[in-house]
Amino acid sequence: MTTAAQTATQTAARTAAPAPGKPRRRPWTPSQIVLTLLGATVSLVFLSPLVWAVFTSLKAETEAVEVPPHWLPKDWTGQAWSAMFESGNITNWFVNSLVVSVCVTAVVLLVAALAGYGFARTEFRGKGFLMGVVMAGLMVSPAVLGVPLFTTVQQMGMVDTYWGMILPQCAPAAMVYILYKFFQGIPRELEEAAFIDGAGRWRVFFTIVVPLSRPSLAAVGIFTFIASWNNFLWPYMVTNNPDLMTMPNGIATVMNSYGIQWAQLMAGGLMAGLPLIIVFVFFQRQIVAGVAHTGLAGQ
């Protein structure tokens with residue numbers, strides 16, 4: 001009997017003990033609970049406008065302007081979404097935004113990478129002055145440059161063209177600085193070893209520097225794409241043709257004789273924001289890694 005009881009006790013102890021390799025879960029501390037609740041509260045605050053936009057887009061126009069407002073629709077309808085596709089040229093706006101944003105991103109990546117590498121690795125007369133000009137570009141608001149840029153584009157005959165929307169957005173002072181800081185952190189020994197083996201400057205740049213710079217290049221590309229996609233002022237200034245409207249400009253025209261159509265406006269805003277949400281969800285690691293590798297995280 002004693003042996004059977006001991007065996008049963010040992011079996012119960014082994015069952016209760018945590019499995020090997022699986023650490024026992026520690027109870028939450030008060031500080032962890034407070035931080036979790038705080039994070040959940042902040043997340044709800046940031047998500048509330050998005051939730052409000054979704055609910056408003058599912059209301060009728062008369063219900064969307066009711067006072068006092070209410071969160072949930074009384075009558076759920078997709079009228080605003082169907083109206084955006086019927087009355088607005090949403091497909092054309094989307095294609096225009098995609099073409100402009102992709103082209104701007106490609107040009108900015110090429111220009112910023114070459115300029116950043118040139119500043120980080122080459123010595124030439126006037127380097128300090130040119131670097132100062134680039135840094136000065138960080139202090140100038142794009143709105144200040146609107147009139148001179150428009151005059152230049154008009155004189156070049158690029159009003160109401162894709163190039164008129166693309167080229168003025170390709171002066172990436174901030175992106176040059178980000179890649180410049182990253183290239184400074186790449187060990188020179190890697191490039192010197194390639195030079196000894198007979199590689200030229202261009203081969204070193206494309207076969208060694210660019211592959212090592214993928215996190216920063218991804219971050220720069222994502223930041224540029226988001227900024228170009230959300231740009232409202234410059235495409236609005238340089239285009240008069242409705243067929244060349246981008247998403248922000250097209251959504252701004254969702255009005256009738258009674259004023260703004262709020263349900264349609266929310267539906268259009270959600271359509272315009274969906275690509276950015278997808279980009280952030282799938283590339284958030286690259287964004288964090290890119291900022292961390294540039295040395296800008298603490299600045």
# chains A, B, ... in the order shown; residues from 1 in each chain; ligands from 1
$ closest_atom_pairs --of "segment 29-148 of chain A" --to "segment 197-217 of chain A" --cutoff "12 Å" --atoms "only C-alpha atoms" --output "JSON lines"
{"residue": "A:Thr105", "atom": "CA", "partner": "A:Leu217", "partner_atom": "CA", "distance": 10.5}
{"residue": "A:Ala106", "atom": "CA", "partner": "A:Leu217", "partner_atom": "CA", "distance": 10.7}
{"residue": "A:Val108", "atom": "CA", "partner": "A:Leu217", "partner_atom": "CA", "distance": 10.2}
{"residue": "A:Leu109", "atom": "CA", "partner": "A:Leu217", "partner_atom": "CA", "distance": 7.0}
{"residue": "A:Leu110", "atom": "CA", "partner": "A:Leu217", "partner_atom": "CA", "distance": 9.7}
{"residue": "A:Val111", "atom": "CA", "partner": "A:Leu217", "partner_atom": "CA", "distance": 11.6}
{"residue": "A:Ala112", "atom": "CA", "partner": "A:Leu217", "partner_atom": "CA", "distance": 9.3}
{"residue": "A:Ala113", "atom": "CA", "partner": "A:Leu217", "partner_atom": "CA", "distance": 7.9}
{"residue": "A:Leu114", "atom": "CA", "partner": "A:Phe205", "partner_atom": "CA", "distance": 8.8}
{"residue": "A:Ala115", "atom": "CA", "partner": "A:Phe205", "partner_atom": "CA", "distance": 11.9}
{"residue": "A:Gly116", "atom": "CA", "partner": "A:Leu217", "partner_atom": "CA", "distance": 11.3}
{"residue": "A:Tyr117", "atom": "CA", "partner": "A:Phe205", "partner_atom": "CA", "distance": 8.2}
{"residue": "A:Gly118", "atom": "CA", "partner": "A:Phe205", "partner_atom": "CA", "distance": 10.2}
{"residue": "A:Ala120", "atom": "CA", "partner": "A:Val209", "partner_atom": "CA", "distance": 11.6}
{"residue": "A:Arg121", "atom": "CA", "partner": "A:Arg201", "partner_atom": "CA", "distance": 10.2}
{"residue": "A:Thr122", "atom": "CA", "partner": "A:Arg201", "partner_atom": "CA", "distance": 10.3}
$ select_by_dssp --residues "segment 75-292 of chain A" --states "helix (DSSP H, G or I)" --output "PyMOL selection string"
chain A and resi 79-87+90-121+127-137+146-155+162-169+173-184+188-196+201-212+214-230+233-238+242-244+247-251+262-292
$ closest_atom_pairs --of "segment 184-263 of chain A" --to "segment 51-71 of chain A" --cutoff "8 Å" --atoms "only C-alpha atoms" --output "JSON lines"
{"residue": "A:Gln261", "atom": "CA", "partner": "A:Glu61", "partner_atom": "CA", "distance": 6.6}
{"residue": "A:Trp262", "atom": "CA", "partner": "A:Ala64", "partner_atom": "CA", "distance": 6.4}
{"residue": "A:Ala263", "atom": "CA", "partner": "A:Ser57", "partner_atom": "CA", "distance": 4.4}
$ closest_residue --among "A:Gly185, A:Gly157, A:Pro168, A:Gly269" --to "Gly250 of chain A" --atoms "only C-alpha atoms"
A:Gly269
$ select_by_dssp --residues "segment 179-265 of chain A" --states "strand (DSSP E or B)" --output "list in words"
Met255, Asn256, Gly259 and Ile260 of chain A
$ write_last_selection --atoms "C-alpha atoms" --output "JSON list (two decimals), in the first residue's frame"
[["chain", "number", "residue", "atom", "x", "y", "z"],
["A", 255, "MET", "CA", -19.70, 67.46, -52.79],
["A", 256, "ASN", "CA", -23.09, 68.45, -54.19],
["A", 259, "GLY", "CA", -22.48, 70.61, -49.28],
["A", 260, "ILE", "CA", -20.12, 67.82, -48.33]]
$ atom_distance --atom1 "atom CA of Gln155 of chain A" --atom2 "atom CA of Val104 of chain A"
21.2 Å
